[in-house]
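Raw final10.cif, mmCIF, N, CA and C atoms:
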```
data_start
loop_
_atom_site.label_atom_id
_atom_site.label_comp_id
_atom_site.auth_asym_id
_atom_site.auth_seq_id
_atom_site.Cartn_x
_atom_site.Cartn_y
_atom_site.Cartn_z
N MET A 1 17.41 3.06 4.66
CA MET A 1 17.25 3.46 6.04
C MET A 1 15.86 4.07 6.20
N LYS A 2 15.15 3.61 7.21
CA LYS A 2 13.85 4.19 7.53
C LYS A 2 13.95 4.94 8.85
N LEU A 3 13.19 6.00 8.95
CA LEU A 3 13.21 6.86 10.12
C LEU A 3 11.84 6.97 10.75
N LYS A 4 11.84 7.34 12.01
CA LYS A 4 10.61 7.60 12.74
C LYS A 4 10.85 8.88 13.53
N VAL A 5 9.88 9.78 13.52
CA VAL A 5 9.99 10.99 14.33
C VAL A 5 8.85 11.04 15.33
N ASP A 6 9.15 11.57 16.49
CA ASP A 6 8.16 11.75 17.54
C ASP A 6 7.94 13.25 17.69
N ALA A 7 6.92 13.75 17.03
CA ALA A 7 6.65 15.19 17.04
C ALA A 7 6.40 15.71 18.45
N GLY A 8 5.90 14.87 19.32
CA GLY A 8 5.66 15.27 20.70
C GLY A 8 6.92 15.58 21.47
N LYS A 9 8.03 14.98 21.07
CA LYS A 9 9.33 15.25 21.72
C LYS A 9 10.04 16.45 21.12
N CYS A 10 9.69 16.81 19.89
CA CYS A 10 10.41 17.85 19.16
C CYS A 10 10.28 19.21 19.84
N CYS A 11 11.42 19.88 20.00
CA CYS A 11 11.41 21.21 20.62
C CYS A 11 11.60 22.32 19.58
N GLY A 12 11.76 21.93 18.31
CA GLY A 12 11.87 22.91 17.25
C GLY A 12 13.23 23.56 17.10
N SER A 13 14.29 22.89 17.53
CA SER A 13 15.63 23.49 17.43
C SER A 13 16.11 23.61 15.99
N GLY A 14 15.62 22.75 15.10
CA GLY A 14 15.98 22.83 13.69
C GLY A 14 17.31 22.20 13.33
N GLN A 15 17.95 21.53 14.26
CA GLN A 15 19.24 20.90 13.98
C GLN A 15 19.13 19.84 12.89
N CYS A 16 18.01 19.15 12.83
CA CYS A 16 17.80 18.12 11.81
C CYS A 16 17.76 18.74 10.41
N VAL A 17 17.09 19.87 10.30
CA VAL A 17 16.97 20.55 9.01
C VAL A 17 18.33 21.07 8.56
N LEU A 18 19.11 21.57 9.49
CA LEU A 18 20.45 22.04 9.15
C LEU A 18 21.34 20.89 8.68
N ALA A 19 21.21 19.73 9.31
CA ALA A 19 22.05 18.58 8.98
C ALA A 19 21.61 17.88 7.70
N ALA A 20 20.30 17.75 7.50
CA ALA A 20 19.78 16.99 6.36
C ALA A 20 18.52 17.65 5.80
N PRO A 21 18.66 18.78 5.12
CA PRO A 21 17.49 19.51 4.61
C PRO A 21 16.72 18.74 3.53
N GLU A 22 17.35 17.74 2.93
CA GLU A 22 16.66 16.94 1.93
C GLU A 22 15.75 15.88 2.56
N VAL A 23 15.89 15.69 3.88
CA VAL A 23 15.13 14.67 4.59
C VAL A 23 14.14 15.27 5.58
N PHE A 24 14.51 16.39 6.20
CA PHE A 24 13.69 17.00 7.26
C PHE A 24 13.28 18.42 6.92
N ASP A 25 12.12 18.81 7.45
CA ASP A 25 11.66 20.19 7.38
C ASP A 25 10.96 20.47 8.71
N GLN A 26 10.45 21.67 8.85
CA GLN A 26 9.70 22.04 10.04
C GLN A 26 8.37 22.64 9.62
N ASP A 27 7.33 22.34 10.41
CA ASP A 27 6.03 22.93 10.12
C ASP A 27 5.98 24.36 10.64
N GLU A 28 4.82 24.99 10.56
CA GLU A 28 4.70 26.39 10.97
C GLU A 28 4.97 26.63 12.45
N ASP A 29 4.91 25.56 13.25
CA ASP A 29 5.22 25.67 14.67
C ASP A 29 6.66 25.26 14.99
N GLY A 30 7.43 24.92 13.95
CA GLY A 30 8.82 24.53 14.14
C GLY A 30 9.02 23.05 14.43
N ILE A 31 7.96 22.26 14.35
CA ILE A 31 8.02 20.83 14.65
C ILE A 31 8.53 20.06 13.43
N VAL A 32 9.37 19.08 13.69
CA VAL A 32 10.00 18.29 12.62
C VAL A 32 8.97 17.59 11.74
N VAL A 33 9.27 17.57 10.43
CA VAL A 33 8.45 16.89 9.43
C VAL A 33 9.39 16.09 8.54
N LEU A 34 9.08 14.81 8.34
CA LEU A 34 9.86 13.98 7.42
C LEU A 34 9.43 14.29 5.99
N LEU A 35 10.39 14.50 5.11
CA LEU A 35 10.09 14.78 3.71
C LEU A 35 10.10 13.53 2.86
N VAL A 36 10.76 12.48 3.33
CA VAL A 36 10.87 11.22 2.57
C VAL A 36 10.60 10.04 3.49
N ASP A 37 10.10 8.95 2.92
CA ASP A 37 9.83 7.75 3.70
C ASP A 37 11.09 6.92 3.94
N GLU A 38 11.95 6.87 2.92
CA GLU A 38 13.19 6.11 3.03
C GLU A 38 14.35 6.99 2.61
N VAL A 39 15.49 6.77 3.27
CA VAL A 39 16.68 7.55 3.02
C VAL A 39 17.68 6.69 2.25
N GLY A 40 18.21 7.23 1.16
CA GLY A 40 19.21 6.52 0.37
C GLY A 40 20.60 6.64 0.97
N GLU A 41 21.50 5.84 0.46
CA GLU A 41 22.89 5.81 0.95
C GLU A 41 23.55 7.18 0.94
N GLU A 42 23.19 8.01 -0.04
CA GLU A 42 23.84 9.31 -0.17
C GLU A 42 23.53 10.26 0.99
N ALA A 43 22.47 9.99 1.74
CA ALA A 43 22.08 10.88 2.84
C ALA A 43 22.32 10.29 4.22
N VAL A 44 22.89 9.10 4.30
CA VAL A 44 23.06 8.41 5.58
C VAL A 44 23.89 9.23 6.56
N ALA A 45 25.00 9.78 6.12
CA ALA A 45 25.87 10.55 7.02
C ALA A 45 25.12 11.78 7.56
N ASP A 46 24.39 12.47 6.70
CA ASP A 46 23.63 13.65 7.13
C ASP A 46 22.54 13.27 8.12
N VAL A 47 21.86 12.16 7.87
CA VAL A 47 20.79 11.72 8.77
C VAL A 47 21.37 11.31 10.12
N ASN A 48 22.50 10.62 10.11
CA ASN A 48 23.14 10.25 11.37
C ASN A 48 23.50 11.50 12.18
N GLU A 49 23.98 12.54 11.50
CA GLU A 49 24.28 13.80 12.17
C GLU A 49 23.01 14.41 12.76
N ALA A 50 21.91 14.36 12.01
CA ALA A 50 20.64 14.90 12.49
C ALA A 50 20.16 14.16 13.73
N VAL A 51 20.25 12.84 13.70
CA VAL A 51 19.83 12.02 14.84
C VAL A 51 20.68 12.36 16.06
N PHE A 52 21.99 12.43 15.87
CA PHE A 52 22.91 12.71 16.97
C PHE A 52 22.72 14.12 17.54
N SER A 53 22.41 15.08 16.68
CA SER A 53 22.32 16.47 17.13
C SER A 53 20.95 16.86 17.68
N CYS A 54 19.97 15.99 17.55
CA CYS A 54 18.63 16.31 18.06
C CYS A 54 18.66 16.36 19.59
N PRO A 55 18.37 17.52 20.18
CA PRO A 55 18.49 17.66 21.63
C PRO A 55 17.45 16.88 22.44
N THR A 56 16.36 16.45 21.79
CA THR A 56 15.32 15.74 22.52
C THR A 56 15.14 14.29 22.07
N ALA A 57 16.04 13.81 21.20
CA ALA A 57 15.98 12.45 20.66
C ALA A 57 14.63 12.16 20.01
N ALA A 58 14.14 13.11 19.23
CA ALA A 58 12.84 12.98 18.57
C ALA A 58 12.93 12.17 17.27
N ILE A 59 14.16 11.90 16.81
CA ILE A 59 14.36 11.17 15.56
C ILE A 59 14.99 9.82 15.87
N GLU A 60 14.43 8.80 15.27
CA GLU A 60 14.92 7.43 15.52
C GLU A 60 15.12 6.70 14.20
N ILE A 61 16.23 5.99 14.08
CA ILE A 61 16.45 5.12 12.93
C ILE A 61 15.81 3.79 13.26
N VAL A 62 14.83 3.38 12.45
CA VAL A 62 14.11 2.12 12.73
C VAL A 62 14.60 0.97 11.87
N GLU A 63 15.23 1.27 10.73
CA GLU A 63 15.82 0.25 9.88
C GLU A 63 17.08 0.80 9.27
N PRO A 64 18.20 0.13 9.46
CA PRO A 64 19.44 0.63 8.85
C PRO A 64 19.43 0.53 7.34
#
```
Would you kindly transcribe this structure into structure tokens?
Amino acid sequence: MKLKVDAGKCCGSGQCVLAAPEVFDQDEDGIVVLLVDEVGEEAVADVNEAVFSCPTAAIEIVEP
């Protein structure tokens, strides 16, 4: 699974980090940062939760 984030949409709520801390982090301004380029099967459920819980839809799955 590949992901794309739009930092311009990010409001810094941190829901992605709570759902999938192995995939997402936040910079010093609270903006989402991807930690990995590709997500393995073991993290798919967590990433789906992060995508669903993002209040500004800043995270997008580009390849399943």
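Straight-line separation from atom C of Asp29 (chain A) to atom C of Met1 (chain A): 24.7 Å.
We find CA of Glu63 (chain A) and atom N of Gly30 (chain A) to be spaced 26.4 Å apart.
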Inset, instruction - Convert the output of the PyMOL selection byres ((chain A and resi 5-14) around 7) on the shown file into explicit residues, formatted as a list in words. - result: Leu3, Lys4, Gln15, Cys16, Val17, Leu18, Ala19, Asp29, Gly30, Ile31, Val32, Thr56, Ala57, Ala58, Ile59 and Glu60 of chain A
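Shortest separation to Glu22 (chain A) among A:Cys54, A:Val62, A:Leu35, A:Val44 occurs at residue A:Leu35, atoms counted being all atoms listed in the file.
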Inset, instruction - I need the residue set behind the PyMOL selection byres ((chain A and resi 38) around 6.5) for this file; please write it as JSON, numbers by chain. - result: {"A": [1, 2, 3, 36, 37, 39, 40]}
Take the residues that were just selected and, keeping N, CA and C atoms, output them as a short mmCIF file (atom, residue, chain, number, x, y, z; two decimals), in the frame of the given file.
```
data_model
loop_
_atom_site.label_atom_id
_atom_site.label_comp_id
_atom_site.auth_asym_id
_atom_site.auth_seq_id
_atom_site.Cartn_x
_atom_site.Cartn_y
_atom_site.Cartn_z
N MET A 1 17.41 3.06 4.66
CA MET A 1 17.25 3.46 6.04
C MET A 1 15.86 4.07 6.20
N LYS A 2 15.15 3.61 7.21
CA LYS A 2 13.85 4.19 7.53
C LYS A 2 13.95 4.94 8.85
N LEU A 3 13.19 6.00 8.95
CA LEU A 3 13.21 6.86 10.12
C LEU A 3 11.84 6.97 10.75
N VAL A 36 10.76 12.48 3.33
CA VAL A 36 10.87 11.22 2.57
C VAL A 36 10.60 10.04 3.49
N ASP A 37 10.10 8.95 2.92
CA ASP A 37 9.83 7.75 3.70
C ASP A 37 11.09 6.92 3.94
N VAL A 39 15.49 6.77 3.27
CA VAL A 39 16.68 7.55 3.02
C VAL A 39 17.68 6.69 2.25
N GLY A 40 18.21 7.23 1.16
CA GLY A 40 19.21 6.52 0.37
C GLY A 40 20.60 6.64 0.97
#
```
Inset, instruction - Name the residues of chain A that fall into helix (DSSP H, G or I) according to DSSP on the backbone, using the chain letters and numbers of this document, as a count of residues only. - result: 18
